[in-house]
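J.: Structure file target.cif (mmCIF, C-alpha atoms) is given on the next line.
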data_my_file
loop_
_atom_site.label_atom_id
_atom_site.label_comp_id
_atom_site.auth_asym_id
_atom_site.auth_seq_id
_atom_site.Cartn_x
_atom_site.Cartn_y
_atom_site.Cartn_z
CA MET A 30 9.24 9.55 -52.75
CA LYS A 31 5.93 8.34 -51.30
CA MET A 32 5.15 5.98 -48.44
CA HIS A 33 1.95 3.93 -48.38
CA ASP A 34 0.40 1.95 -45.52
CA VAL A 35 -0.96 -1.20 -47.16
CA ALA A 36 -3.36 -3.50 -45.30
CA LEU A 37 -2.63 -7.21 -45.71
CA SER A 38 -4.53 -10.35 -44.77
CA GLY A 39 -4.90 -11.21 -41.11
CA GLY A 40 -4.72 -7.60 -39.98
CA ALA A 41 -1.08 -7.09 -40.96
CA HIS A 42 0.16 -3.78 -42.33
CA MET A 43 3.16 -2.96 -44.48
CA LYS A 44 4.90 0.32 -45.26
CA VAL A 45 5.44 0.50 -49.01
CA GLU A 46 7.94 2.92 -50.56
CA GLU A 47 7.45 4.35 -54.05
CA ALA A 48 9.46 6.65 -56.33
CA GLY A 49 9.50 7.66 -59.97
CA ALA A 50 6.97 7.35 -62.77
CA GLY A 51 6.34 5.11 -65.75
CA PRO A 52 6.00 1.33 -65.94
CA ALA A 53 5.84 -0.25 -62.48
CA MET A 54 8.77 -2.29 -61.14
CA MET A 55 8.43 -4.00 -57.76
CA LEU A 56 11.65 -4.90 -55.92
CA LEU A 57 11.37 -8.02 -53.74
CA HIS A 58 14.21 -8.44 -51.26
CA ALA A 59 16.09 -11.57 -50.19
CA GLY A 60 15.56 -13.50 -46.99
CA VAL A 61 18.99 -12.46 -45.66
CA SER A 62 18.27 -8.77 -46.14
CA GLU A 63 15.53 -6.12 -46.25
CA ARG A 64 14.28 -3.57 -48.77
CA HIS A 65 17.41 -1.39 -48.67
CA MET A 66 19.40 -4.10 -50.41
CA TRP A 67 18.07 -2.39 -53.56
CA ASP A 68 19.66 0.98 -52.75
CA PRO A 69 22.23 0.68 -55.59
CA GLN A 70 19.35 0.39 -58.08
CA TRP A 71 16.66 2.52 -56.41
CA GLU A 72 17.47 6.07 -57.50
CA TRP A 73 18.71 5.06 -60.94
CA LEU A 74 15.62 2.99 -61.68
CA SER A 75 13.30 5.73 -60.39
CA HIS A 76 14.41 7.95 -63.29
CA ARG A 77 12.98 5.49 -65.82
CA MET A 78 10.26 3.52 -63.96
CA ARG A 79 7.80 3.65 -61.09
CA VAL A 80 9.71 1.64 -58.48
CA ILE A 81 8.12 0.10 -55.40
CA ARG A 82 9.71 -1.74 -52.49
CA TRP A 83 8.87 -2.88 -48.97
CA ASP A 84 10.00 -5.10 -46.12
CA TRP A 85 8.29 -8.49 -46.23
CA ARG A 86 6.33 -9.66 -43.20
CA GLY A 87 8.86 -10.56 -40.54
CA PHE A 88 11.63 -8.37 -41.98
CA GLY A 89 12.84 -4.84 -41.32
CA GLN A 90 9.95 -2.59 -40.36
CA THR A 91 7.16 -5.11 -41.03
CA ALA A 92 5.95 -7.33 -38.20
CA HIS A 93 4.33 -10.74 -38.47
CA VAL A 94 0.79 -11.33 -37.24
CA PRO A 95 -0.51 -14.78 -36.24
CA GLY A 96 -2.09 -17.03 -38.83
CA PRO A 97 -1.57 -18.25 -42.40
CA PHE A 98 -0.43 -15.91 -45.16
CA SER A 99 1.27 -15.87 -48.56
CA TYR A 100 4.08 -13.58 -49.69
CA GLY A 101 2.78 -13.97 -53.24
CA ASP A 102 -0.65 -12.80 -52.18
CA ASP A 103 0.97 -9.82 -50.45
CA VAL A 104 2.49 -8.74 -53.79
CA VAL A 105 -0.96 -8.72 -55.37
CA ARG A 106 -2.36 -6.81 -52.38
CA VAL A 107 0.23 -4.08 -52.91
CA MET A 108 -0.58 -3.94 -56.62
CA ASP A 109 -4.27 -3.53 -55.88
CA ALA A 110 -3.68 -0.92 -53.17
CA LEU A 111 -1.49 1.18 -55.47
CA GLY A 112 -3.74 0.79 -58.52
CA ILE A 113 -1.20 -1.22 -60.52
CA SER A 114 -2.76 -3.54 -63.09
CA LYS A 115 0.54 -4.98 -64.41
CA THR A 116 4.09 -4.82 -63.10
CA TRP A 117 7.66 -5.91 -63.65
CA LEU A 118 9.00 -7.93 -60.72
CA MET A 119 12.64 -7.99 -59.63
CA GLY A 120 13.27 -10.46 -56.83
CA CYS A 121 16.35 -11.78 -55.08
CA SER A 122 16.54 -15.20 -53.43
CA PHE A 123 13.11 -16.04 -52.00
CA GLY A 124 11.96 -12.72 -53.47
CA GLY A 125 12.72 -14.27 -56.84
CA SER A 126 10.85 -17.45 -55.94
CA THR A 127 7.88 -15.29 -54.98
CA ALA A 128 8.08 -13.45 -58.30
CA VAL A 129 7.94 -16.79 -60.13
CA GLN A 130 4.90 -17.77 -58.07
CA VAL A 131 3.09 -14.52 -58.91
CA ALA A 132 3.91 -14.89 -62.61
CA LEU A 133 2.39 -18.38 -62.67
CA LYS A 134 -0.65 -17.58 -60.54
CA HIS A 135 -1.40 -14.19 -62.11
CA PRO A 136 0.11 -14.22 -65.63
CA ASP A 137 -2.10 -11.34 -66.74
CA ARG A 138 -0.54 -9.05 -64.13
CA VAL A 139 3.17 -9.55 -64.80
CA GLU A 140 5.12 -7.76 -67.56
CA GLY A 141 8.46 -9.46 -66.95
CA LEU A 142 10.82 -10.87 -64.33
CA VAL A 143 14.32 -10.12 -63.08
CA LEU A 144 15.43 -13.09 -60.98
CA VAL A 145 18.57 -12.51 -58.90
CA GLY A 146 20.15 -15.43 -57.05
CA SER A 147 16.65 -16.84 -57.17
CA GLY A 148 15.24 -20.09 -55.98
CA VAL A 149 12.56 -21.99 -57.89
CA PRO A 150 9.55 -23.21 -55.89
CA GLY A 151 9.81 -26.99 -55.68
CA TYR A 152 13.31 -27.21 -57.23
CA ASN A 153 16.03 -28.91 -55.22
CA ALA A 154 19.63 -29.47 -56.23
CA ALA A 155 22.30 -31.09 -54.10
CA ASN A 156 25.06 -29.01 -52.54
CA PRO A 157 28.56 -30.42 -51.97
CA PRO A 158 28.94 -32.13 -48.57
CA GLU A 159 31.07 -29.31 -47.17
CA VAL A 160 28.34 -26.78 -47.97
CA GLU A 161 25.60 -28.98 -46.50
CA ALA A 162 27.75 -29.24 -43.37
CA LEU A 163 27.75 -25.44 -43.03
CA PHE A 164 23.96 -25.35 -43.36
CA ALA A 165 23.63 -28.08 -40.72
CA GLN A 166 25.90 -26.15 -38.36
CA ALA A 167 23.88 -22.97 -38.88
CA ASP A 168 20.59 -24.80 -38.19
CA ALA A 169 22.03 -26.40 -35.05
CA ALA A 170 23.31 -23.06 -33.78
CA PHE A 171 19.89 -21.42 -34.26
CA ASN A 172 18.12 -24.32 -32.56
CA GLN A 173 20.52 -24.16 -29.60
CA GLY A 174 20.15 -20.41 -29.22
CA GLU A 175 23.73 -19.68 -30.31
CA ILE A 176 22.66 -16.64 -32.28
CA ASP A 177 26.09 -15.08 -32.85
CA ARG A 178 27.45 -18.34 -34.25
CA ALA A 179 24.33 -18.87 -36.36
CA MET A 180 24.61 -15.37 -37.83
CA ALA A 181 28.32 -15.88 -38.56
CA LEU A 182 27.55 -19.08 -40.46
CA THR A 183 24.68 -17.41 -42.31
CA GLU A 184 27.05 -14.62 -43.30
CA ARG A 185 29.62 -17.15 -44.51
CA LEU A 186 27.08 -19.00 -46.65
CA TRP A 187 25.10 -16.13 -48.16
CA LEU A 188 27.06 -12.87 -47.91
CA VAL A 189 30.58 -14.19 -48.45
CA GLY A 190 29.71 -17.36 -50.33
CA PRO A 191 30.90 -20.84 -49.38
CA LYS A 192 33.73 -20.78 -51.93
CA ARG A 193 35.38 -17.61 -50.59
CA ARG A 194 37.07 -16.31 -47.47
CA PRO A 195 35.83 -13.07 -45.82
CA GLU A 196 39.19 -11.37 -46.30
CA ALA A 197 38.84 -11.83 -50.06
CA VAL A 198 35.52 -9.94 -50.15
CA ASP A 199 35.16 -6.16 -50.51
CA ALA A 200 35.02 -4.74 -46.97
CA GLY A 201 32.52 -1.99 -47.80
CA TYR A 202 30.06 -4.42 -49.35
CA LEU A 203 30.41 -6.88 -46.49
CA ALA A 204 29.82 -4.20 -43.84
CA ARG A 205 26.66 -3.03 -45.60
CA ALA A 206 25.39 -6.58 -46.15
CA ARG A 207 25.94 -7.33 -42.46
CA GLU A 208 23.86 -4.29 -41.48
CA LEU A 209 21.00 -5.48 -43.67
CA LEU A 210 21.26 -9.05 -42.38
CA ALA A 211 21.02 -7.80 -38.79
CA ARG A 212 17.70 -6.12 -39.64
CA ALA A 213 16.35 -8.98 -41.72
CA ASP A 214 14.41 -11.27 -39.44
CA ARG A 215 11.76 -10.70 -36.78
CA PRO A 216 9.80 -13.15 -34.56
CA ASP A 217 7.14 -15.07 -36.48
CA ASN A 218 4.47 -14.53 -33.77
CA GLY A 219 2.64 -17.65 -34.92
CA ALA A 220 2.53 -16.65 -38.59
CA VAL A 221 2.63 -19.52 -41.08
CA SER A 222 3.69 -19.01 -44.69
CA GLN A 223 1.74 -21.08 -47.21
CA ASP A 224 4.22 -20.43 -50.03
CA LEU A 225 6.18 -23.64 -49.46
CA GLU A 226 3.17 -25.54 -50.81
CA PHE A 227 3.57 -23.94 -54.26
CA VAL A 228 5.54 -25.84 -56.92
CA ALA A 229 6.86 -24.23 -60.11
CA VAL A 230 8.92 -27.18 -61.35
CA GLY A 231 7.49 -28.39 -64.64
CA ARG A 232 5.56 -25.15 -65.20
CA LEU A 233 8.23 -22.61 -66.15
CA GLY A 234 7.26 -22.95 -69.80
CA GLU A 235 4.03 -21.15 -68.89
CA ILE A 236 5.97 -17.95 -68.15
CA ARG A 237 5.58 -16.17 -71.49
CA VAL A 238 7.21 -12.87 -70.55
CA PRO A 239 10.84 -11.66 -70.71
CA VAL A 240 12.98 -13.06 -67.89
CA LEU A 241 16.43 -11.85 -66.86
CA VAL A 242 18.33 -14.31 -64.65
CA VAL A 243 21.39 -13.05 -62.76
CA VAL A 244 23.50 -15.11 -60.38
CA GLY A 245 26.90 -14.72 -58.75
CA ASP A 246 29.42 -17.45 -59.45
CA ALA A 247 30.36 -17.48 -55.73
CA ASP A 248 26.75 -18.10 -54.63
CA VAL A 249 25.65 -21.32 -52.95
CA PRO A 250 25.89 -24.09 -55.60
CA ASP A 251 22.20 -25.03 -55.53
CA ILE A 252 21.31 -21.40 -56.29
CA VAL A 253 23.69 -21.39 -59.26
CA SER A 254 22.02 -24.61 -60.41
CA ALA A 255 18.58 -23.00 -60.02
CA ALA A 256 19.69 -20.07 -62.20
CA HIS A 257 20.60 -22.42 -65.03
CA TYR A 258 17.33 -24.31 -64.55
CA LEU A 259 15.40 -21.05 -64.88
CA ALA A 260 17.34 -20.02 -67.96
CA ASP A 261 16.86 -23.41 -69.60
CA ASN A 262 13.12 -23.63 -68.91
CA CYS A 263 11.69 -20.10 -69.15
CA PRO A 264 11.07 -19.56 -72.89
CA GLU A 265 12.20 -15.92 -72.97
CA ALA A 266 15.05 -16.09 -70.45
CA GLU A 267 18.47 -14.48 -70.60
CA LEU A 268 21.19 -15.61 -68.15
CA HIS A 269 24.12 -13.60 -66.79
CA VAL A 270 26.66 -14.99 -64.32
CA LEU A 271 28.52 -12.30 -62.38
CA HIS A 272 32.13 -13.16 -61.53
CA ASP A 273 33.23 -13.02 -57.89
CA ALA A 274 29.80 -12.28 -56.44
CA ALA A 275 27.75 -14.20 -53.89
CA HIS A 276 24.03 -14.18 -53.09
CA LEU A 277 23.42 -10.41 -53.37
CA PRO A 278 25.16 -9.55 -56.66
CA ASN A 279 23.21 -6.30 -57.10
CA LEU A 280 24.70 -5.07 -53.82
CA GLU A 281 28.17 -6.55 -54.22
CA ARG A 282 28.70 -5.74 -57.92
CA PRO A 283 26.32 -2.81 -58.52
CA VAL A 284 28.10 -1.31 -61.53
CA ALA A 285 28.17 -4.59 -63.45
CA PHE A 286 24.66 -5.53 -62.32
CA ASN A 287 23.18 -2.17 -63.30
CA ALA A 288 24.83 -2.36 -66.72
CA ILE A 289 23.24 -5.76 -67.35
CA LEU A 290 19.87 -4.55 -66.10
CA ASP A 291 20.03 -1.33 -68.13
CA ASP A 292 20.79 -3.20 -71.35
CA TRP A 293 17.99 -5.71 -70.73
CA LEU A 294 15.40 -3.08 -69.80
CA THR A 295 16.29 -1.06 -72.90
CA LYS A 296 15.51 -4.13 -75.02
CA THR A 297 12.36 -5.22 -73.22
CA VAL A 298 10.49 -2.30 -71.63
CA ARG A 299 8.37 -0.41 -74.12
#
Could I get this file's structure written as structure tokens?

T.:
Amino acid sequence: MKMHDVALSGGAHMKVEEAGAGPAMMLLHAGVSERHMWDPQWEWLSHRMRVIRWDWRGFGQTAHVPGPFSYGDDVVRVMDALGISKTWLMGCSFGGSTAVQVALKHPDRVEGLVLVGSGVPGYNAANPPEVEALFAQADAAFNQGEIDRAMALTERLWLVGPKRRPEAVDAGYLARARELLARADRPDNGAVSQDLEFVAVGRLGEIRVPVLVVVGDADVPDIVSAAHYLADNCPEAELHVLHDAAHLPNLERPVAFNAILDDWLTKTVR
């Protein structure tokens, strides 16, 4: 394993972890986690590919610095710093949205995408009223400084899934996901992401590389809707829905997830 110190825009720095050899695969974590959410895939993938992961700005070990920035641009910075001309991108949640952005902005630098519980920049689907109520409660708790309540609601929505009860979820997975959630977010220090300005809706047909879409059937409904939107609109997409999994299916159902990924990589990576 190697660790790299990569300089980003605005004077920010990011520790980037690398293992293995072969075609490059960058692992982009979710907004309710950090880079270790990929632990169930890390060692296995490193035996067949050159795998790279890091904590986004404002997550885990990476601090924010003041000023505008783009997570998509940070991906390209890492590629340049590590001498990677083309890469596969595997992203979960907003990591998936960022992968879509990079594929559209830099099509010559992306070999393929694995989109896990991914959003789509500019895509919005309605959640049922009871789910929207949970989001509203979480936002209110954060705004009022009720951090414990806000984290509990975040856990309910994203780690457990709004359709399930905590007692019905594997205890080992939930404990690990909670650890990662606790390390996920850091103060923004005046940093401003420009990624919300990017829109992919209406452009997915431009993604002319293999795309694997994986979503848990217990995920937030608008994420499940986004998965079907991706599968319907990316020309070379393949969709898999994992039963009884929420927003981090690679962490919650690693055996099933890895089997899907292994089969797809065998067909697509040359």

J.: Evaluate the PyMOL selection byres ((chain A and resi 63) around 9) here and jot the selected residues down as a compact mmCIF listing (two decimals) with C-alpha atoms, in the coordinates of the input.

T.:
# COMPACT_ATOMS: atom_id res chain seq x y z
CA LEU A 57 11.37 -8.02 -53.74
CA HIS A 58 14.21 -8.44 -51.26
CA ALA A 59 16.09 -11.57 -50.19
CA GLY A 60 15.56 -13.50 -46.99
CA VAL A 61 18.99 -12.46 -45.66
CA SER A 62 18.27 -8.77 -46.14
CA ARG A 64 14.28 -3.57 -48.77
CA HIS A 65 17.41 -1.39 -48.67
CA MET A 66 19.40 -4.10 -50.41
CA TRP A 67 18.07 -2.39 -53.56
CA TRP A 83 8.87 -2.88 -48.97
CA ASP A 84 10.00 -5.10 -46.12
CA TRP A 85 8.29 -8.49 -46.23
CA PHE A 88 11.63 -8.37 -41.98
CA GLY A 89 12.84 -4.84 -41.32
CA GLN A 90 9.95 -2.59 -40.36
CA LEU A 209 21.00 -5.48 -43.67
CA LEU A 210 21.26 -9.05 -42.38
CA ARG A 212 17.70 -6.12 -39.64
CA ALA A 213 16.35 -8.98 -41.72
CA ASP A 214 14.41 -11.27 -39.44

J.: Determine, counting all atoms listed in the file, which protein, DNA and RNA residues have an atom within 8 Å of an atom of region 186-192 of chain A; residues of the same chain fewer than 4 positions away are not included. Present the result as a list in words.

T.: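 Neighbouring residues, sequence-local ones excluded: Val61, Val160, Leu163, Phe164, Leu182, Val198, Leu203, Ala206, Arg207, Ala247, Asp248, Val249, Ala274, Ala275, His276 and Leu277 of chain A.
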
J.: In terms of the shortest atom-to-atom distance over only C-alpha atoms, which of A:Gln166, A:Arg237, A:Leu133, A:Gly201 is closest to Arg185 (chain A)?

T.: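 Ranked by minimum distance to Arg185 (chain A), first place goes to A:Gln166.
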
J.: Extract, using all atoms listed in the file, all DNA, RNA and protein residues at most 7 Å from region 118-125 of chain A, discarding same-chain residues fewer than 3 positions from it, and format them as a list in words.

T.: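 In the requested format, the answer is Met54, Met55, Leu56, Leu57, His58, Ala59, Gly60, Ala128, Val129, Gly141, Leu142, Val143, Leu144, Val145, Gly146, Ser147 and Gly148 of chain A.
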
J.: Return as a tab-separated table the residues of region 67-141 of chain A lying at most 6 Å from region 221-235 of chain A, together with the closest atom-to-atom pair for each and the distance in Å to one decimal, counting only C-alpha atoms, with rows in chain order and ascending residue number.

T.:
residue	atom	partner	partner_atom	distance
A:Gly96	CA	A:Val221	CA	5.8
A:Pro97	CA	A:Val221	CA	4.6
A:Phe98	CA	A:Ser222	CA	5.2
A:Ser99	CA	A:Gln223	CA	5.4

J.: Compute the distance from (12.9, 1.5, -57.8) to each atom, counting only C-alpha atoms, keep the residues with any atom at most 10 Å away, and return them as JSON, numbers by chain; use the coordinates of the file.

T.: {"A": [46, 47, 48, 49, 50, 53, 54, 55, 56, 67, 68, 69, 70, 71, 72, 73, 74, 75, 76, 77, 78, 79, 80, 81, 82, 119]}

J.: Go through A:Ala41, A:Ala36, A:Val105, A:Leu280 one by one, measure the shortest atom-to-atom distance of each to Ala132 (chain A) using only C-alpha atoms, and give the residue with the smallest value.

T.: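 Under the stated criterion, the closest residue is A:Val105.
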
J.: Hey, what's within 9 Å of Asp102 (chain A) if we count all atoms listed in the file and toss same-chain stuff fewer than 6 positions away? As a ChimeraX atom specification, please?

T.: /A:37-38,131

J.: Find, counting only C-alpha atoms, the residue in A:Ala169, A:Ile236, A:Arg299, A:Val94 that gets nearest to Gln130 (chain A).

T.: A:Ile236

J.: Extract, using only C-alpha atoms, all DNA, RNA and protein residues at most 8 Å from Asp246 (chain A), discarding same-chain residues fewer than 5 positions from it, and format them as a VMD selection string.

T.: chain A and resid 253 270 to 275
